[in-house]
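Participant: Pasting data_28.cif here (mmCIF, C-alpha atoms):
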data_upload
#
loop_
_atom_site.label_atom_id
_atom_site.label_comp_id
_atom_site.auth_asym_id
_atom_site.auth_seq_id
_atom_site.Cartn_x
_atom_site.Cartn_y
_atom_site.Cartn_z
CA MET A 1 0.00 0.00 0.00
CA ARG A 2 1.09 3.57 -0.54
CA ARG A 3 0.16 6.84 1.11
CA THR A 4 -1.04 9.16 -1.59
CA HIS A 5 -3.80 11.67 -2.23
CA ARG A 6 -4.11 10.71 -5.89
CA THR A 7 -3.20 7.78 -8.11
CA LEU A 8 -3.44 8.20 -11.87
CA ALA A 9 -3.49 4.96 -13.81
CA MET A 10 -1.61 4.99 -17.11
CA ALA A 11 -3.63 3.48 -19.91
CA GLY A 12 -1.43 4.73 -22.72
CA GLY A 13 -0.34 8.36 -23.00
CA LEU A 14 -2.99 9.35 -25.53
CA LEU A 15 -5.86 7.70 -23.66
CA LEU A 16 -4.78 9.26 -20.37
CA ALA A 17 -4.57 12.66 -21.99
CA THR A 18 -8.07 12.23 -23.37
CA THR A 19 -9.78 10.97 -20.24
CA LEU A 20 -8.20 13.43 -17.84
CA SER A 21 -8.74 16.43 -20.08
CA CYS A 22 -11.28 18.97 -18.83
CA THR A 23 -11.22 21.01 -22.00
CA GLY A 24 -13.69 19.42 -24.41
CA THR A 25 -13.74 20.20 -28.09
CA ALA A 26 -16.33 22.96 -27.95
CA MET A 27 -15.06 25.02 -25.04
CA ALA A 28 -13.66 28.49 -25.65
CA VAL A 29 -10.62 29.76 -23.79
CA ALA A 30 -11.47 32.43 -21.22
CA SER A 31 -9.23 35.19 -19.95
CA PRO A 32 -7.98 34.17 -16.47
CA LEU A 33 -8.03 37.72 -15.17
CA SER A 34 -11.49 38.60 -16.43
CA SER A 35 -12.88 35.22 -15.37
CA LYS A 36 -11.61 35.71 -11.83
CA THR A 37 -13.18 39.15 -11.55
CA ALA A 38 -16.55 38.12 -12.97
CA ALA A 39 -16.80 34.79 -11.15
CA ALA A 40 -15.90 36.05 -7.69
CA ALA A 41 -19.01 38.22 -7.60
CA GLY A 42 -21.52 35.62 -8.73
CA CYS A 43 -20.41 32.26 -7.33
CA ARG A 44 -23.16 31.19 -4.94
CA PRO A 45 -26.32 29.06 -5.01
CA LEU A 46 -28.63 31.00 -7.33
CA ALA A 47 -31.82 29.14 -6.47
CA GLY A 48 -33.33 27.29 -3.54
CA ALA A 49 -31.60 24.06 -2.60
CA PRO A 50 -31.14 21.84 0.49
CA ALA A 51 -28.41 22.81 2.93
CA GLN A 52 -26.18 19.94 1.80
CA ALA A 53 -26.35 21.07 -1.83
CA GLN A 54 -25.64 24.66 -0.81
CA ALA A 55 -22.59 23.50 1.15
CA ILE A 56 -21.23 21.73 -1.95
CA VAL A 57 -21.62 24.92 -3.99
CA ASN A 58 -20.05 27.06 -1.27
CA ALA A 59 -17.01 24.76 -1.09
CA ALA A 60 -16.49 24.99 -4.85
CA CYS A 61 -16.98 28.76 -4.81
CA SER A 62 -14.31 29.09 -2.11
CA GLN A 63 -11.79 28.12 -4.81
CA ILE A 64 -12.74 30.80 -7.32
CA GLY A 65 -9.57 32.25 -8.84
CA VAL A 66 -7.43 29.15 -8.17
CA PRO A 67 -5.61 28.10 -11.37
CA TYR A 68 -6.59 25.12 -13.46
CA SER A 69 -3.92 22.40 -13.32
CA TRP A 70 -4.25 19.14 -15.26
CA GLY A 71 -4.36 16.29 -12.70
CA GLY A 72 -4.16 18.83 -9.86
CA GLY A 73 -6.19 18.96 -6.67
CA SER A 74 -7.35 16.64 -3.90
CA ILE A 75 -10.02 16.51 -1.20
CA HIS A 76 -7.75 18.82 0.82
CA GLY A 77 -7.29 21.55 -1.79
CA PRO A 78 -5.11 22.56 -4.75
CA THR A 79 -2.00 20.55 -5.62
CA TYR A 80 0.60 20.66 -8.40
CA GLY A 81 -0.68 18.87 -11.48
CA GLN A 82 0.99 17.09 -14.37
CA ASP A 83 2.34 18.31 -17.68
CA TYR A 84 -0.36 17.76 -20.28
CA PRO A 85 1.13 15.38 -22.88
CA GLY A 86 -0.72 17.15 -25.68
CA GLY A 87 1.28 20.33 -25.08
CA GLY A 88 -0.37 23.72 -25.29
CA PRO A 89 -1.20 25.78 -22.18
CA GLY A 90 -1.04 22.65 -20.00
CA ALA A 91 2.49 21.66 -21.00
CA HIS A 92 3.86 23.00 -17.70
CA ASP A 93 1.00 22.20 -15.31
CA SER A 94 3.41 20.33 -13.04
CA GLN A 95 4.48 23.82 -11.98
CA VAL A 96 0.91 25.06 -11.46
CA LYS A 97 -0.88 24.50 -8.14
CA GLY A 98 -4.57 24.15 -8.71
CA PHE A 99 -7.45 21.89 -9.72
CA ASP A 100 -8.64 20.04 -12.76
CA CYS A 101 -12.39 19.65 -13.29
CA SER A 102 -12.92 16.36 -11.47
CA HIS A 103 -10.72 17.21 -8.50
CA LEU A 104 -12.57 20.50 -7.97
CA VAL A 105 -15.82 18.51 -7.87
CA GLN A 106 -14.26 15.91 -5.57
CA TYR A 107 -13.00 18.66 -3.24
CA ALA A 108 -16.39 20.43 -3.14
CA ALA A 109 -18.32 17.22 -2.44
CA TRP A 110 -15.97 16.19 0.37
CA GLN A 111 -15.38 19.55 2.04
CA GLY A 112 -18.96 20.69 1.63
CA ALA A 113 -20.90 17.55 2.48
CA GLY A 114 -18.52 14.72 3.41
CA ILE A 115 -19.38 12.90 0.17
CA ALA A 116 -16.54 10.71 -1.12
CA LEU A 117 -16.57 10.80 -4.92
CA PRO A 118 -14.18 8.71 -7.02
CA GLU A 119 -11.46 10.33 -9.09
CA GLY A 120 -11.92 11.08 -12.77
CA SER A 121 -14.90 12.78 -14.39
CA TRP A 122 -15.95 9.54 -16.12
CA ASN A 123 -15.98 7.68 -12.79
CA GLN A 124 -17.88 10.49 -11.09
CA ALA A 125 -20.45 10.42 -13.92
CA GLN A 126 -21.15 6.76 -13.14
CA TRP A 127 -21.06 7.08 -9.34
CA SER A 128 -23.44 4.55 -7.79
CA GLY A 129 -24.33 6.87 -4.91
CA ALA A 130 -26.13 9.42 -7.09
CA THR A 131 -29.57 10.24 -5.69
CA ALA A 132 -31.01 11.35 -9.05
CA ARG A 133 -30.00 11.45 -12.73
CA PHE A 134 -31.10 13.75 -15.54
CA SER A 135 -30.82 13.15 -19.28
CA ARG A 136 -29.40 15.62 -21.79
CA ASP A 137 -32.91 16.06 -23.23
CA GLN A 138 -34.20 17.42 -19.91
CA GLY A 139 -31.81 20.36 -20.09
CA ILE A 140 -31.41 22.39 -16.90
CA ALA A 141 -35.09 22.63 -15.92
CA PRO A 142 -34.96 19.90 -13.22
CA LEU A 143 -31.52 20.82 -11.86
CA GLN A 144 -30.80 22.36 -8.47
CA PRO A 145 -27.60 24.02 -7.20
CA GLY A 146 -24.98 21.39 -6.38
CA ASP A 147 -25.93 19.02 -9.20
CA LEU A 148 -23.04 17.79 -11.36
CA MET A 149 -23.19 18.54 -15.09
CA LEU A 150 -21.41 16.30 -17.60
CA TRP A 151 -19.87 16.58 -21.07
CA ALA A 152 -18.69 13.60 -23.13
CA SER A 153 -17.22 12.83 -26.54
CA ASN A 154 -20.20 10.48 -26.90
CA PRO A 155 -23.07 11.79 -24.74
CA ASP A 156 -24.73 8.35 -24.80
CA ASN A 157 -21.68 6.74 -23.18
CA LEU A 158 -20.74 7.91 -19.66
CA HIS A 159 -17.36 6.19 -20.03
CA SER A 160 -16.48 9.01 -22.45
CA VAL A 161 -17.23 11.88 -20.04
CA HIS A 162 -14.31 14.32 -20.13
CA HIS A 163 -15.63 17.35 -18.24
CA ILE A 164 -17.71 17.93 -15.13
CA ALA A 165 -18.97 21.10 -13.44
CA ILE A 166 -21.22 22.13 -10.53
CA TYR A 167 -24.55 23.78 -11.28
CA LEU A 168 -25.31 27.05 -9.47
CA GLY A 169 -28.82 27.73 -10.79
CA ASP A 170 -30.20 30.26 -13.29
CA GLY A 171 -28.12 28.81 -16.13
CA LYS A 172 -24.77 29.27 -14.35
CA MET A 173 -22.14 26.78 -13.18
CA VAL A 174 -18.75 26.80 -11.44
CA GLU A 175 -15.94 24.86 -13.09
CA ALA A 176 -12.24 24.27 -13.52
CA ARG A 177 -12.33 24.51 -17.29
CA GLU A 178 -8.88 24.09 -18.84
CA SER A 179 -5.20 24.97 -18.55
CA GLY A 180 -4.50 28.68 -18.64
CA THR A 181 -7.76 29.62 -16.87
CA LEU A 182 -8.90 29.95 -13.27
CA VAL A 183 -11.73 28.27 -11.40
CA MET A 184 -14.65 30.35 -12.66
CA VAL A 185 -18.39 30.86 -13.00
CA SER A 186 -19.58 30.14 -16.55
CA ASP A 187 -22.79 30.05 -18.52
CA VAL A 188 -24.07 26.48 -18.86
CA ARG A 189 -23.11 24.99 -22.24
CA LEU A 190 -25.93 22.82 -23.58
CA ASN A 191 -23.92 21.91 -26.65
CA ALA A 192 -23.67 18.67 -28.63
CA GLN A 193 -21.41 17.11 -25.98
CA TYR A 194 -23.68 17.78 -22.99
CA ALA A 195 -24.38 14.38 -21.42
CA GLY A 196 -26.85 15.19 -18.64
CA ALA A 197 -26.39 15.60 -14.90
CA LEU A 198 -26.51 13.79 -11.58
CA ARG A 199 -27.47 14.77 -8.07
CA ILE A 200 -25.18 13.88 -5.17
CA ALA A 201 -26.94 15.82 -2.40
CA GLY A 202 -29.17 13.75 -0.15
CA THR A 203 -26.63 11.01 0.56
CA GLU A 204 -25.88 9.63 4.02
CA GLN A 205 -24.23 12.07 6.42
CA PRO A 206 -21.91 11.32 9.39
CA PRO A 207 -23.85 10.09 12.44
CA ALA A 208 -24.14 12.45 15.38
CA GLY A 209 -21.00 12.50 17.50
CA THR A 210 -18.68 11.46 14.67
CA LYS A 211 -16.45 13.20 12.16
CA ARG A 212 -15.84 11.92 8.62
CA PHE A 213 -12.36 11.26 7.21
CA MET A 214 -10.92 9.46 4.19
CA THR A 215 -8.51 6.54 4.51
CA TRP A 216 -5.64 5.74 2.16
CA GLY A 217 -4.05 2.48 1.07
CA THR A 218 -5.50 -0.93 0.23
CA GLY A 219 -6.23 -3.86 2.52
CA VAL A 220 -6.13 -1.71 5.67
CA GLY A 221 -7.07 -3.84 8.67
CA LEU A 222 -9.67 -2.69 11.22
CA ARG A 223 -8.88 -4.21 14.62
CA PRO A 224 -11.07 -5.24 17.56
CA GLU A 225 -8.68 -3.34 19.87
CA PRO A 226 -6.35 -0.34 19.30
CA GLY A 227 -3.35 -2.46 18.34
CA THR A 228 -2.17 -5.17 15.95
CA GLY A 229 -2.21 -8.04 18.46
CA LYS A 230 -5.49 -9.51 17.20
CA PRO A 231 -6.62 -10.38 13.64
CA PRO A 232 -8.55 -7.71 11.72
CA VAL A 233 -12.32 -7.58 12.01
CA THR A 234 -12.37 -6.60 8.34
CA ARG A 235 -10.17 -4.93 5.74
CA LEU A 236 -10.88 -1.84 3.66
CA PRO A 237 -10.29 -2.66 -0.03
CA GLY A 238 -9.18 0.87 -0.89
CA PRO A 239 -9.61 4.53 0.13
CA THR A 240 -12.84 4.69 2.13
CA ALA A 241 -14.86 7.37 3.91
CA VAL A 242 -15.01 6.49 7.62
CA ASP A 243 -16.82 8.12 10.53
CA VAL A 244 -14.61 8.50 13.61
CA GLN A 245 -16.11 8.71 17.10
CA CYS A 246 -12.99 9.13 19.26
CA GLN A 247 -9.26 8.38 19.39
CA VAL A 248 -6.63 7.12 21.84
CA HIS A 249 -2.87 6.74 22.09
CA ALA A 250 -1.94 3.05 21.94
CA GLU A 251 0.41 0.82 19.91
CA LEU A 252 2.93 2.61 17.69
CA VAL A 253 2.50 1.74 14.00
CA ASN A 254 5.17 2.22 11.32
CA ALA A 255 4.23 2.15 7.62
CA GLU A 256 5.53 3.74 4.42
CA GLY A 257 7.95 5.93 6.37
CA TYR A 258 5.27 7.19 8.79
CA SER A 259 4.96 6.49 12.52
CA ASN A 260 1.86 7.08 14.65
CA ASP A 261 0.59 5.75 17.98
CA ALA A 262 -2.95 7.17 17.62
CA TRP A 263 -5.93 4.88 16.94
CA SER A 264 -9.49 5.89 16.05
CA TYR A 265 -12.72 4.07 16.83
CA LEU A 266 -15.16 3.49 13.94
CA PRO A 267 -18.64 2.74 15.33
CA LYS A 268 -19.95 1.51 11.96
CA TYR A 269 -17.45 -1.37 12.04
CA LYS A 270 -17.18 -1.64 15.83
CA ALA A 271 -13.45 -1.60 15.25
CA TRP A 272 -10.28 0.51 15.43
CA ILE A 273 -8.03 1.91 12.74
CA SER A 274 -4.51 3.24 13.12
CA ASN A 275 -4.51 6.97 12.39
CA ILE A 276 -1.55 6.37 10.12
CA TYR A 277 -4.05 5.15 7.52
CA ILE A 278 -6.32 8.19 7.78
CA ASP A 279 -5.70 10.75 5.06
CA ASP A 280 -5.20 13.86 7.17
CA PRO A 281 -2.07 15.97 7.68
CA ALA A 282 -2.41 15.70 11.48
CA ALA A 283 -1.35 12.55 13.33
CA TRP A 284 -3.87 13.35 16.08
CA LEU A 285 -7.12 14.05 14.22
CA PRO A 286 -8.51 17.57 14.66
CA GLY A 287 -11.94 17.88 16.20
CA VAL A 288 -12.04 14.27 17.43
CA PRO A 289 -12.23 13.72 21.21
CA THR A 290 -10.19 11.27 23.26
CA CYS A 291 -12.01 8.00 23.98
#
Would you give me this structure, written as structure tokens?

Facilitator:
Amino acid sequence: MRRTHRTLAMAGGLLLATTLSCTGTAMAVASPLSSKTAAAAGCRPLAGAPAQAQAIVNAACSQIGVPYSWGGGSIHGPTYGQDYPGGGPGAHDSQVKGFDCSHLVQYAAWQGAGIALPEGSWNQAQWSGATARFSRDQGIAPLQPGDLMLWASNPDNLHSVHHIAIYLGDGKMVEARESGTLVMVSDVRLNAQYAGALRIAGTEQPPAGTKRFMTWGTGVGLRPEPGTGKPPVTRLPGPTAVDVQCQVHAELVNAEGYSNDAWSYLPKYKAWISNIYIDDPAAWLPGVPTC
């Protein structure tokens, strides 16, 4: 296992460039300076929506003016991206700290509502936790702020989704569009590549008295006690959203160059996890009481 905020699977340079692109073939380049000025004033929920949906929008809007960076961003905020293999404005995105389209959406869903979306716009488009879906033919009429709008090279095939944005209401959306621009508010583009939308608000929230975190690594064991002396109750197959009730200092764990003696209790599993496998900069989790 490996501690990382993002893993990008290579499927051939050209395919990777296509699937991670947030440009689309029909999107015009906007001026970063003018986009930042215009978007900062109007990025907010523009119609009535549940509190959870409003929180998703507010989290995305908090990043207005942050640069686009191909492959950049995580649930924690902007990161340095990758150099776009197709050249152009993204050829030096490894030196740009920002978001691409799917990581802005992932950040907003997690920070705003504790919703753990997968990486990649095509994976987000097919997310099994969606509470509602809307076809391209329905346009924007049924959408509410916080819904995720999709664009694809083949709108009938969600595997081909290459861009994703967050609806604000009144025909506006917030997006990380493409290299050379900033996170911005844009007019909705109901063009030939529009592939519909999905709703993520309304999903399960952390139980009272817990705080939600993301784990990292694969095959992470959850123990019946805060230590490794007994076999795992279960194992997490990959990064997973977990709700922590409290934490204690117990057995020291060493993994991947990290050391931590803190353990957190997960009431859903009735088990403990070493804090070393919780994706948070702090070894002792902020806002979580001692057991």

Participant: Starting from the PyMOL selection byres ((chain A and resi 114) around 9), expand the selection into actual residues of this file and give them as a PyMOL selection string.

Facilitator: chain A and resi 108-113+115-116+204-206+212-213+241

Participant: Now that the selection is made, can you save its residues with C-alpha atoms as a compact mmCIF listing (two decimals), in the coordinates of the input?

Facilitator:
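Full text of again33.txt as output:
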# COMPACT_ATOMS: atom_id res chain seq x y z
CA ALA A 108 -16.39 20.43 -3.14
CA ALA A 109 -18.32 17.22 -2.44
CA TRP A 110 -15.97 16.19 0.37
CA GLN A 111 -15.38 19.55 2.04
CA GLY A 112 -18.96 20.69 1.63
CA ALA A 113 -20.90 17.55 2.48
CA ILE A 115 -19.38 12.90 0.17
CA ALA A 116 -16.54 10.71 -1.12
CA GLU A 204 -25.88 9.63 4.02
CA GLN A 205 -24.23 12.07 6.42
CA PRO A 206 -21.91 11.32 9.39
CA ARG A 212 -15.84 11.92 8.62
CA PHE A 213 -12.36 11.26 7.21
CA ALA A 241 -14.86 7.37 3.91

Participant: Do you know which residues are at most 6 Å from A:Trp122 counting all atoms listed in the file, after dropping those on the same chain fewer than 2 positions away, and could you put them as a list in words?

Facilitator: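 Residues meeting the cut-off are Gly120, Gln124, Ala125, His159 and Val161 of chain A.
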
Participant: Give the answer as one residue: which of A:Asp93, A:Ala282, A:Thr228, A:Ile200 has the shortest atom-to-atom distance to A:Ala55, using only C-alpha atoms?

Facilitator: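 Checking each of A:Asp93, A:Ala282, A:Thr228, A:Ile200 against A:Ala55, counting only C-alpha atoms, the winner is A:Ile200.
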
Participant: Neighbours of A:Met214 within 7 Å (only C-alpha atoms; same-chain residues fewer than 5 positions away dropped), as a list in words?

Facilitator: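 The residues that qualify are Pro239, Thr240, Ala241, Val242, Ile278 and Asp279 of chain A.
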
Participant: When the PyMOL selection byres ((chain A and resi 283) around 10) is applied to the file above, which residues end up in the set, as a list in words?

Facilitator: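 That expression, the PyMOL selection byres ((chain A and resi 283) around 10), corresponds here to Tyr258, Ser259, Asn260, Asp261, Ala262, Trp263, Ser274, Asn275, Ile276, Tyr277, Ile278, Asp279, Asp280, Pro281, Ala282, Trp284, Leu285 and Pro286 of chain A.
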
Participant: Dump C-alpha atoms for the selected residues as a PDB file, in the coordinates of the input?

Facilitator:
ATOM      1  CA  TYR A 258       5.270   7.190   8.790  1.00  0.00           C
ATOM      2  CA  SER A 259       4.960   6.490  12.520  1.00  0.00           C
ATOM      3  CA  ASN A 260       1.860   7.080  14.650  1.00  0.00           C
ATOM      4  CA  ASP A 261       0.590   5.750  17.980  1.00  0.00           C
ATOM      5  CA  ALA A 262      -2.950   7.170  17.620  1.00  0.00           C
ATOM      6  CA  TRP A 263      -5.930   4.880  16.940  1.00  0.00           C
ATOM      7  CA  SER A 274      -4.510   3.240  13.120  1.00  0.00           C
ATOM      8  CA  ASN A 275      -4.510   6.970  12.390  1.00  0.00           C
ATOM      9  CA  ILE A 276      -1.550   6.370  10.120  1.00  0.00           C
ATOM     10  CA  TYR A 277      -4.050   5.150   7.520  1.00  0.00           C
ATOM     11  CA  ILE A 278      -6.320   8.190   7.780  1.00  0.00           C
ATOM     12  CA  ASP A 279      -5.700  10.750   5.060  1.00  0.00           C
ATOM     13  CA  ASP A 280      -5.200  13.860   7.170  1.00  0.00           C
ATOM     14  CA  PRO A 281      -2.070  15.970   7.680  1.00  0.00           C
ATOM     15  CA  ALA A 282      -2.410  15.700  11.480  1.00  0.00           C
ATOM     16  CA  TRP A 284      -3.870  13.350  16.080  1.00  0.00           C
ATOM     17  CA  LEU A 285      -7.120  14.050  14.220  1.00  0.00           C
ATOM     18  CA  PRO A 286      -8.510  17.570  14.660  1.00  0.00           C
TER      19      PRO A 286
END

Participant: What's the separation between atom CA of A:Tyr265 and atom CA of A:Pro78, in Å to one decimal place?

Facilitator: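 Distance between the two atoms: 29.4 Å.
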
Participant: Kindly add N, CA and C atoms to the incomplete stretch 188-215 of chain A and provide the output as a short mmCIF file (atom, residue, chain, number, x, y, z; two decimals), in the frame of the given file.

Facilitator:
data_model
loop_
_atom_site.label_atom_id
_atom_site.label_comp_id
_atom_site.auth_asym_id
_atom_site.auth_seq_id
_atom_site.Cartn_x
_atom_site.Cartn_y
_atom_site.Cartn_z
N VAL A 188 -23.91 27.89 -18.52
CA VAL A 188 -24.07 26.48 -18.86
C VAL A 188 -23.98 26.30 -20.38
N ARG A 189 -23.28 25.27 -20.83
CA ARG A 189 -23.11 24.99 -22.24
C ARG A 189 -23.93 23.74 -22.61
N LEU A 190 -25.11 23.95 -23.12
CA LEU A 190 -25.93 22.82 -23.58
C LEU A 190 -25.62 22.54 -25.05
N ASN A 191 -24.36 22.15 -25.29
CA ASN A 191 -23.92 21.91 -26.65
C ASN A 191 -24.07 20.43 -27.01
N ALA A 192 -23.50 20.04 -28.13
CA ALA A 192 -23.67 18.67 -28.63
C ALA A 192 -23.02 17.63 -27.72
N GLN A 193 -22.09 18.06 -26.85
CA GLN A 193 -21.41 17.11 -25.98
C GLN A 193 -22.04 17.04 -24.58
N TYR A 194 -23.04 17.85 -24.30
CA TYR A 194 -23.68 17.78 -22.99
C TYR A 194 -24.30 16.40 -22.79
N ALA A 195 -23.99 15.77 -21.65
CA ALA A 195 -24.38 14.38 -21.42
C ALA A 195 -25.32 14.21 -20.23
N GLY A 196 -25.93 15.30 -19.76
CA GLY A 196 -26.85 15.19 -18.64
C GLY A 196 -26.21 15.57 -17.32
N ALA A 197 -26.85 15.18 -16.23
CA ALA A 197 -26.39 15.60 -14.90
C ALA A 197 -26.76 14.54 -13.87
N LEU A 198 -26.15 14.66 -12.70
CA LEU A 198 -26.51 13.79 -11.58
C LEU A 198 -26.55 14.60 -10.31
N ARG A 199 -27.33 14.11 -9.37
CA ARG A 199 -27.47 14.77 -8.07
C ARG A 199 -26.76 13.95 -7.01
N ILE A 200 -25.90 14.59 -6.22
CA ILE A 200 -25.18 13.88 -5.17
C ILE A 200 -25.67 14.28 -3.79
N ALA A 201 -26.39 15.41 -3.68
CA ALA A 201 -26.94 15.82 -2.40
C ALA A 201 -28.03 14.84 -1.97
N GLY A 202 -28.17 14.67 -0.66
CA GLY A 202 -29.17 13.75 -0.15
C GLY A 202 -28.59 12.42 0.28
N THR A 203 -27.27 12.26 0.16
CA THR A 203 -26.63 11.01 0.56
C THR A 203 -26.42 10.99 2.07
N GLU A 204 -26.04 9.83 2.57
CA GLU A 204 -25.88 9.63 4.02
C GLU A 204 -24.84 10.57 4.61
N GLN A 205 -25.16 11.17 5.74
CA GLN A 205 -24.23 12.07 6.42
C GLN A 205 -23.64 11.39 7.66
N PRO A 206 -22.52 11.93 8.20
CA PRO A 206 -21.91 11.32 9.39
C PRO A 206 -22.90 11.27 10.55
N PRO A 207 -22.96 10.16 11.27
CA PRO A 207 -23.85 10.09 12.44
C PRO A 207 -23.46 11.12 13.49
N ALA A 208 -24.41 11.49 14.32
CA ALA A 208 -24.14 12.45 15.38
C ALA A 208 -23.00 11.95 16.27
N GLY A 209 -22.12 12.86 16.64
CA GLY A 209 -21.00 12.50 17.50
C GLY A 209 -19.82 11.90 16.79
N THR A 210 -19.83 11.97 15.43
CA THR A 210 -18.68 11.46 14.67
C THR A 210 -18.19 12.53 13.71
N LYS A 211 -17.01 12.31 13.17
CA LYS A 211 -16.45 13.20 12.16
C LYS A 211 -15.91 12.33 11.03
N ARG A 212 -16.18 12.74 9.79
CA ARG A 212 -15.84 11.92 8.62
C ARG A 212 -14.44 12.24 8.10
N PHE A 213 -13.70 11.17 7.80
CA PHE A 213 -12.36 11.26 7.21
C PHE A 213 -12.26 10.26 6.07
N MET A 214 -11.22 10.41 5.25
CA MET A 214 -10.92 9.46 4.19
C MET A 214 -9.68 8.65 4.57
N THR A 215 -9.70 7.35 4.28
CA THR A 215 -8.51 6.54 4.51
C THR A 215 -7.68 6.49 3.23
#
